[in-house]
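Below is start24.pdb, which holds PDB, C-alpha atoms.
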ATOM      1  CA  MET T   1     113.403 105.716  59.893
ATOM      2  CA  LEU T   2     111.953 102.709  61.701
ATOM      3  CA  LYS T   3     114.179 103.413  64.719
ATOM      4  CA  ILE T   4     112.836 106.978  64.947
ATOM      5  CA  LYS T   5     109.229 105.684  64.832
ATOM      6  CA  ILE T   6     109.981 103.415  67.759
ATOM      7  CA  PHE T   7     112.160 105.905  69.648
ATOM      8  CA  ILE T   8     109.654 108.797  69.722
ATOM      9  CA  PRO T   9     106.750 106.843  71.310
ATOM     10  CA  ILE T  10     109.115 105.371  73.896
ATOM     11  CA  ILE T  11     110.299 108.873  74.868
ATOM     12  CA  LEU T  12     106.687 110.089  75.069
ATOM     13  CA  ILE T  13     105.731 107.168  77.299
ATOM     14  CA  ILE T  14     108.672 107.797  79.598
ATOM     15  CA  PHE T  15     107.800 111.477  79.945
ATOM     16  CA  SER T  16     104.128 110.715  80.573
ATOM     17  CA  LEU T  17     104.996 108.161  83.259
ATOM     18  CA  THR T  18     107.364 110.493  85.036
ATOM     19  CA  SER T  19     104.700 113.189  85.088
ATOM     20  CA  CYS T  20     102.336 110.853  86.980
ATOM     21  CA  GLY T  21     104.585 111.282  89.987
ATOM     22  CA  LYS T  22     102.284 110.854  92.961
ATOM     23  CA  GLY T  23     101.802 107.216  93.881
ATOM     24  CA  PHE T  24     103.804 105.840  90.961
ATOM     25  CA  PHE T  25     107.292 106.633  92.189
ATOM     26  CA  LYS T  26     107.906 106.288  95.898
ATOM     27  CA  PRO T  27     110.372 108.746  97.360
ATOM     28  CA  GLY T  28     113.384 107.260  99.094
ATOM     29  CA  ASP T  29     114.650 108.014 102.553
ATOM     30  CA  ALA T  30     118.027 109.754 102.236
ATOM     31  CA  ARG T  31     119.145 108.371 105.602
ATOM     32  CA  LYS T  32     118.780 104.782 104.353
ATOM     33  CA  ASN T  33     120.443 105.257 100.974
ATOM     34  CA  PRO T  34     124.119 105.733 100.228
ATOM     35  CA  PRO T  35     125.086 109.160  98.819
ATOM     36  CA  ASP T  36     127.222 107.644  96.045
ATOM     37  CA  PRO T  37     125.021 107.112  92.919
ATOM     38  CA  LYS T  38     126.800 103.898  91.935
ATOM     39  CA  LEU T  39     126.213 102.390  95.356
ATOM     40  CA  ARG T  40     122.571 103.546  95.270
ATOM     41  CA  VAL T  41     122.069 101.846  91.895
ATOM     42  CA  LYS T  42     123.731  98.697  93.214
ATOM     43  CA  LYS T  43     121.536  98.642  96.338
ATOM     44  CA  ASN T  44     118.312  99.227  94.385
ATOM     45  CA  LEU T  45     119.061  96.558  91.798
ATOM     46  CA  GLU T  46     120.049  94.008  94.419
ATOM     47  CA  GLU T  47     116.778  94.596  96.258
ATOM     48  CA  GLY T  48     114.781  94.227  93.047
ATOM     49  CA  LYS T  49     113.689  97.890  92.911
ATOM     50  CA  GLY T  50     114.939  98.475  89.391
ATOM     51  CA  PHE T  51     115.422  96.685  86.140
ATOM     52  CA  ARG T  52     118.441  95.773  84.150
ATOM     53  CA  LEU T  53     118.419  96.739  80.527
ATOM     54  CA  ASN T  54     120.064  93.438  79.576
ATOM     55  CA  ASN T  55     117.166  91.497  81.109
ATOM     56  CA  ALA T  56     114.512  93.772  79.609
ATOM     57  CA  MET T  57     115.916  93.479  76.091
ATOM     58  CA  SER T  58     116.448  89.703  76.153
ATOM     59  CA  GLY T  59     112.688  89.044  76.033
ATOM     60  CA  ASN T  60     112.970  85.568  77.536
ATOM     61  CA  GLN T  61     111.469  86.414  80.909
ATOM     62  CA  GLY T  62     107.793  86.016  81.687
ATOM     63  CA  THR T  63     105.453  88.505  83.277
ATOM     64  CA  ASN T  64     105.638  88.914  87.035
ATOM     65  CA  PHE T  65     102.130  88.624  88.509
ATOM     66  CA  GLU T  66     101.450  89.663  92.089
ATOM     67  CA  PHE T  67      99.178  87.240  93.939
ATOM     68  CA  ALA T  68      97.827  87.204  97.467
ATOM     69  CA  SER T  69     100.665  84.897  98.456
ATOM     70  CA  SER T  70     103.147  87.694  97.744
ATOM     71  CA  ASN T  71     101.442  90.109 100.155
ATOM     72  CA  GLU T  72     103.145  89.664 103.501
ATOM     73  CA  LEU T  73     100.311  91.180 105.578
ATOM     74  CA  TRP T  74      97.751  88.897 103.940
ATOM     75  CA  ARG T  75      99.835  85.758 104.481
ATOM     76  CA  ALA T  76     100.636  86.710 108.074
ATOM     77  CA  SER T  77      96.953  87.354 108.842
ATOM     78  CA  LEU T  78      95.928  83.958 107.490
ATOM     79  CA  ASP T  79      98.697  82.280 109.471
ATOM     80  CA  VAL T  80      97.738  83.994 112.727
ATOM     81  CA  LEU T  81      94.049  83.084 112.245
ATOM     82  CA  ASP T  82      94.685  79.518 111.073
ATOM     83  CA  PHE T  83      93.034  78.039 114.198
ATOM     84  CA  MET T  84      89.678  79.642 113.296
ATOM     85  CA  PRO T  85      87.328  78.680 110.450
ATOM     86  CA  LEU T  86      86.983  81.431 107.840
ATOM     87  CA  THR T  87      83.677  82.716 106.525
ATOM     88  CA  SER T  88      85.240  84.970 103.900
ATOM     89  CA  ALA T  89      88.753  85.695 102.694
ATOM     90  CA  ASN T  90      88.551  88.206  99.860
ATOM     91  CA  TYR T  91      91.977  89.424  98.755
ATOM     92  CA  SER T  92      90.683  91.875  96.154
ATOM     93  CA  GLY T  93      88.268  93.336  98.695
ATOM     94  CA  GLY T  94      90.922  93.387 101.404
ATOM     95  CA  VAL T  95      88.841  91.583 104.034
ATOM     96  CA  ILE T  96      89.185  88.430 106.114
ATOM     97  CA  ILE T  97      86.185  87.367 108.208
ATOM     98  CA  THR T  98      86.246  84.376 110.528
ATOM     99  CA  ASP T  99      83.289  82.287 111.571
ATOM    100  CA  TRP T 100      82.096  82.338 115.168
ATOM    101  CA  TYR T 101      84.604  80.427 117.262
ATOM    102  CA  SER T 102      84.294  79.090 120.768
ATOM    103  CA  GLU T 103      86.421  76.831 122.866
ATOM    104  CA  GLN T 104      85.352  73.226 123.253
ATOM    105  CA  ASN T 105      83.609  73.484 126.621
ATOM    106  CA  ASN T 106      82.046  76.923 126.211
ATOM    107  CA  ASP T 107      79.071  76.992 123.831
ATOM    108  CA  ASN T 108      77.589  80.166 125.335
ATOM    109  CA  GLU T 109      80.470  82.454 124.379
ATOM    110  CA  SER T 110      82.168  82.827 121.010
ATOM    111  CA  ILE T 111      84.267  85.344 119.099
ATOM    112  CA  LYS T 112      84.442  86.499 115.494
ATOM    113  CA  ILE T 113      87.386  88.402 114.000
ATOM    114  CA  THR T 114      87.386  90.653 110.946
ATOM    115  CA  ILE T 115      90.496  92.131 109.400
ATOM    116  CA  ARG T 116      90.383  94.941 106.849
ATOM    117  CA  PHE T 117      93.505  95.797 104.902
ATOM    118  CA  LEU T 118      94.002  99.531 104.494
ATOM    119  CA  SER T 119      97.477  99.361 102.947
ATOM    120  CA  ASN T 120      99.980  96.800 101.676
ATOM    121  CA  GLU T 121     102.748  98.383 103.735
ATOM    122  CA  ILE T 122     103.686  96.759 107.010
ATOM    123  CA  ARG T 123     102.598  99.443 109.471
ATOM    124  CA  SER T 124     100.411  99.469 112.546
ATOM    125  CA  ASP T 125      97.708 101.451 110.726
ATOM    126  CA  ALA T 126      97.721  99.166 107.647
ATOM    127  CA  ILE T 127      95.197  96.730 109.111
ATOM    128  CA  ASP T 128      91.992  97.221 111.045
ATOM    129  CA  VAL T 129      91.272  94.293 113.367
ATOM    130  CA  ASN T 130      87.784  94.044 114.872
ATOM    131  CA  ILE T 131      86.785  91.460 117.462
ATOM    132  CA  PHE T 132      83.175  90.644 118.189
ATOM    133  CA  TYR T 133      82.077  88.726 121.280
ATOM    134  CA  LYS T 134      78.802  86.807 121.314
ATOM    135  CA  LYS T 135      77.221  85.739 124.598
ATOM    136  CA  CYS T 136      74.153  83.576 124.506
ATOM    137  CA  ILE T 137      71.741  82.888 127.331
ATOM    138  CA  SER T 138      69.789  80.501 125.123
ATOM    139  CA  THR T 139      69.883  79.532 121.440
ATOM    140  CA  ASN T 140      67.817  82.527 120.299
ATOM    141  CA  ASN T 141      68.874  84.972 122.996
ATOM    142  CA  CYS T 142      72.355  86.215 122.073
ATOM    143  CA  LYS T 143      74.098  89.532 122.499
ATOM    144  CA  VAL T 144      76.949  90.621 120.174
ATOM    145  CA  ASN T 145      79.428  93.320 121.213
ATOM    146  CA  LYS T 146      82.460  94.752 119.485
ATOM    147  CA  GLN T 147      85.325  95.115 121.931
ATOM    148  CA  ASP T 148      88.731  96.740 121.739
ATOM    149  CA  GLY T 149      90.743  94.801 124.260
ATOM    150  CA  GLN T 150      94.037  93.049 124.762
ATOM    151  CA  LEU T 151      93.195  90.331 122.210
ATOM    152  CA  LYS T 152      92.915  92.916 119.421
ATOM    153  CA  LYS T 153      96.343  94.325 120.299
ATOM    154  CA  GLU T 154      97.907  90.865 120.494
ATOM    155  CA  ILE T 155      96.515  89.749 117.125
ATOM    156  CA  THR T 156      97.613  92.985 115.448
ATOM    157  CA  LYS T 157     101.089  92.657 116.963
ATOM    158  CA  LYS T 158     101.415  89.005 115.881
ATOM    159  CA  ILE T 159     100.310  89.803 112.319
ATOM    160  CA  LEU T 160     102.767  92.690 111.995
ATOM    161  CA  ALA T 161     105.641  90.661 113.467
ATOM    162  CA  LYS T 162     104.991  87.708 111.148
ATOM    163  CA  ALA T 163     104.573  90.031 108.127
ATOM    164  CA  THR T 164     107.925  91.640 108.928
ATOM    165  CA  ILE T 165     109.560  88.211 108.954
ATOM    166  CA  TYR T 166     107.937  87.345 105.607
ATOM    167  CA  LYS T 167     109.103  90.661 104.131
ATOM    168  CA  LYS T 168     112.691  89.996 105.202
ATOM    169  CA  GLN T 169     112.558  86.447 103.802
ATOM    170  CA  SER T 170     111.200  87.756 100.512
ATOM    171  CA  LYS T 171     113.866  90.445 100.358
ATOM    172  CA  ASP T 172     116.603  87.882 101.039
ATOM    173  CA  LYS T 173     115.157  85.496  98.444
ATOM    174  CA  ASN T 174     114.951  88.171  95.746
ATOM    175  CA  PHE T 175     118.446  89.516  96.423
ATOM    176  CA  LYS T 176     120.573  89.418  93.278
ATOM    177  CA  PRO T 177     124.143  90.658  93.554
ATOM    178  CA  TYR T 178     124.953  93.517  91.212
ATOM    179  CA  ILE T 179     128.395  93.658  89.697
ATOM    180  CA  MET T 180     129.332  97.156  88.627
ATOM    181  CA  SER T 181     131.022  97.361  85.269
ATOM    182  CA  THR T 182     133.826  99.757  84.638
ATOM    183  CA  PRO T 183     133.788 101.989  81.546
ATOM    184  CA  GLY T 184     135.286 100.348  78.498
ATOM    185  CA  GLU T 185     134.188  96.765  79.296
TER     186      GLU T 185
END
Can the structure in the file be given as structure tokens, please?
Amino acid sequence: MLKIKIFIPIILIIFSLTSCGKGFFKPGDARKNPPDPKLRVKKNLEEGKGFRLNNAMSGNQGTNFEFASSNELWRASLDVLDFMPLTSANYSGGVIITDWYSEQNNDNESIKITIRFLSNEIRSDAIDVNIFYKKCISTNNCKVNKQDGQLKKEITKKILAKATIYKKQSKDKNFKPYIMSTPGE
């Protein structure tokens, strides 16, 4: 009787989660996945996209929290901008804002960079990089302009390249070989 009381809510939860569909389960690309179901299961488990019932039932594993350090785009952005002082780096808000930065001999010109994160996926439209140039004639006479130039493209390209490297390193680190069992074992 106790097993039925536990079994029914679990089935209801599973059905309610599968009905959420949009955004919860990401569709796979058929070109990147093997057609054989056993090989698909093996690939997904090795990449950490699934769970093993043995691990879930053992109860000796802790909760897996996602922090800013696990977001490849965030880490790559901070690494690319490490030469500039930061005014704000708000992971939950998805914004990095640098302070005004100028080279040593040029006090009349400075730049400020803001990065907004639009997605956690590593894509060219996942981040919005804005570069502001400030030119000052005197201390109180400054003009600020937002410009879309080569520097914006270079910073975006560097962030995406570094994030791709971090993603591959994370994927390699989390790889766990899956040994398929044969029926009757």
(request) Take CA of Gly149 (chain T) and CA of Thr114 (chain T) and report the distance between them in Å, one decimal. (result)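 Value for the CA of Gly149 (chain T)-CA of Thr114 (chain T) distance: 14.3 Å.
For the atom pair formed by CA of Asn120 (chain T) and CA of Leu81 (chain T), the distance is 18.3 Å, given to one decimal.
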(message) Using all atoms listed in the file for the distances, tell me which of T:Ile137, T:Ile4, T:Leu86, T:Ile127 is nearest to Lys153 (chain T).
(response)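 Ranking T:Ile137, T:Ile4, T:Leu86, T:Ile127 by distance to Lys153 (chain T), first place goes to T:Ile127.
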(message) Starting from the PyMOL selection byres ((chain T and resi 72) around 7), expand the selection into actual residues of this file and give them as number ranges by chain.
(response) T: 70-71, 73-76, 163, 166-167
(request) To one decimal in Å, tell me the separation between CA of Ser170 (chain T) and CA of Leu39 (chain T). (result)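 So the answer is 21.6 Å.
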Residues near Ile131 (chain T), cut-off 9 Å, all atoms listed in the file, skip fewer than 4 positions along chain, as a compact mmCIF listing (two decimals) with C-alpha atoms, keeping the file's coordinate frame:
# COMPACT_ATOMS: atom_id res chain seq x y z
CA ILE T 111 84.27 85.34 119.10
CA LYS T 112 84.44 86.50 115.49
CA ILE T 113 87.39 88.40 114.00
CA THR T 114 87.39 90.65 110.95
CA ILE T 115 90.50 92.13 109.40
CA ASN T 145 79.43 93.32 121.21
CA LYS T 146 82.46 94.75 119.48
CA GLN T 147 85.32 95.12 121.93
CA ASP T 148 88.73 96.74 121.74
CA GLY T 149 90.74 94.80 124.26
CA LEU T 151 93.20 90.33 122.21
CA LYS T 152 92.92 92.92 119.42
(message) Taking (99.1, 99.4, 110.9) in the coordinates of the supplied file, I want to know which residues reach to within 12 Å of it, counting only C-alpha atoms; could you give the answer as a list in words?
(response) Leu73, Ile115, Arg116, Phe117, Leu118, Ser119, Asn120, Glu121, Ile122, Arg123, Ser124, Asp125, Ala126, Ile127, Asp128, Val129, Lys153, Ile155, Thr156, Lys157, Lys158, Ile159, Leu160, Ala161, Ala163 and Thr164 of chain T
(message) Starting from the PyMOL selection byres ((chain T and resi 90-94) around 7), expand the selection into actual residues of this file and give them as an MDAnalysis selection string.
(response) chainID T and resid 68 88:89 95:96 116:117
(request) Compile the contact shell of Phe83 (chain T) as an NGL selection string: residues with an atom at most 12 Å away, counting all atoms listed in the file, same-chain residues fewer than 4 positions apart removed. (result) :T and (77-79 or 98-103 or 113)
(request) Give as a count of residues only the set of residues within 9 Å of the point (75.7, 77.9, 119.3), where distances use the file's coordinates and all atoms listed in the file. (result) 9
Please report, as AutoDock Vina command-line options, the centre and edge lengths in Å to one decimal of an axis-aligned box covering all listed atoms of region 146-163 of chain T with 3 Å per side.
--center_x 94.1 --center_y 92.2 --center_z 116.4 --size_x 29.2 --size_y 15.0 --size_z 22.6
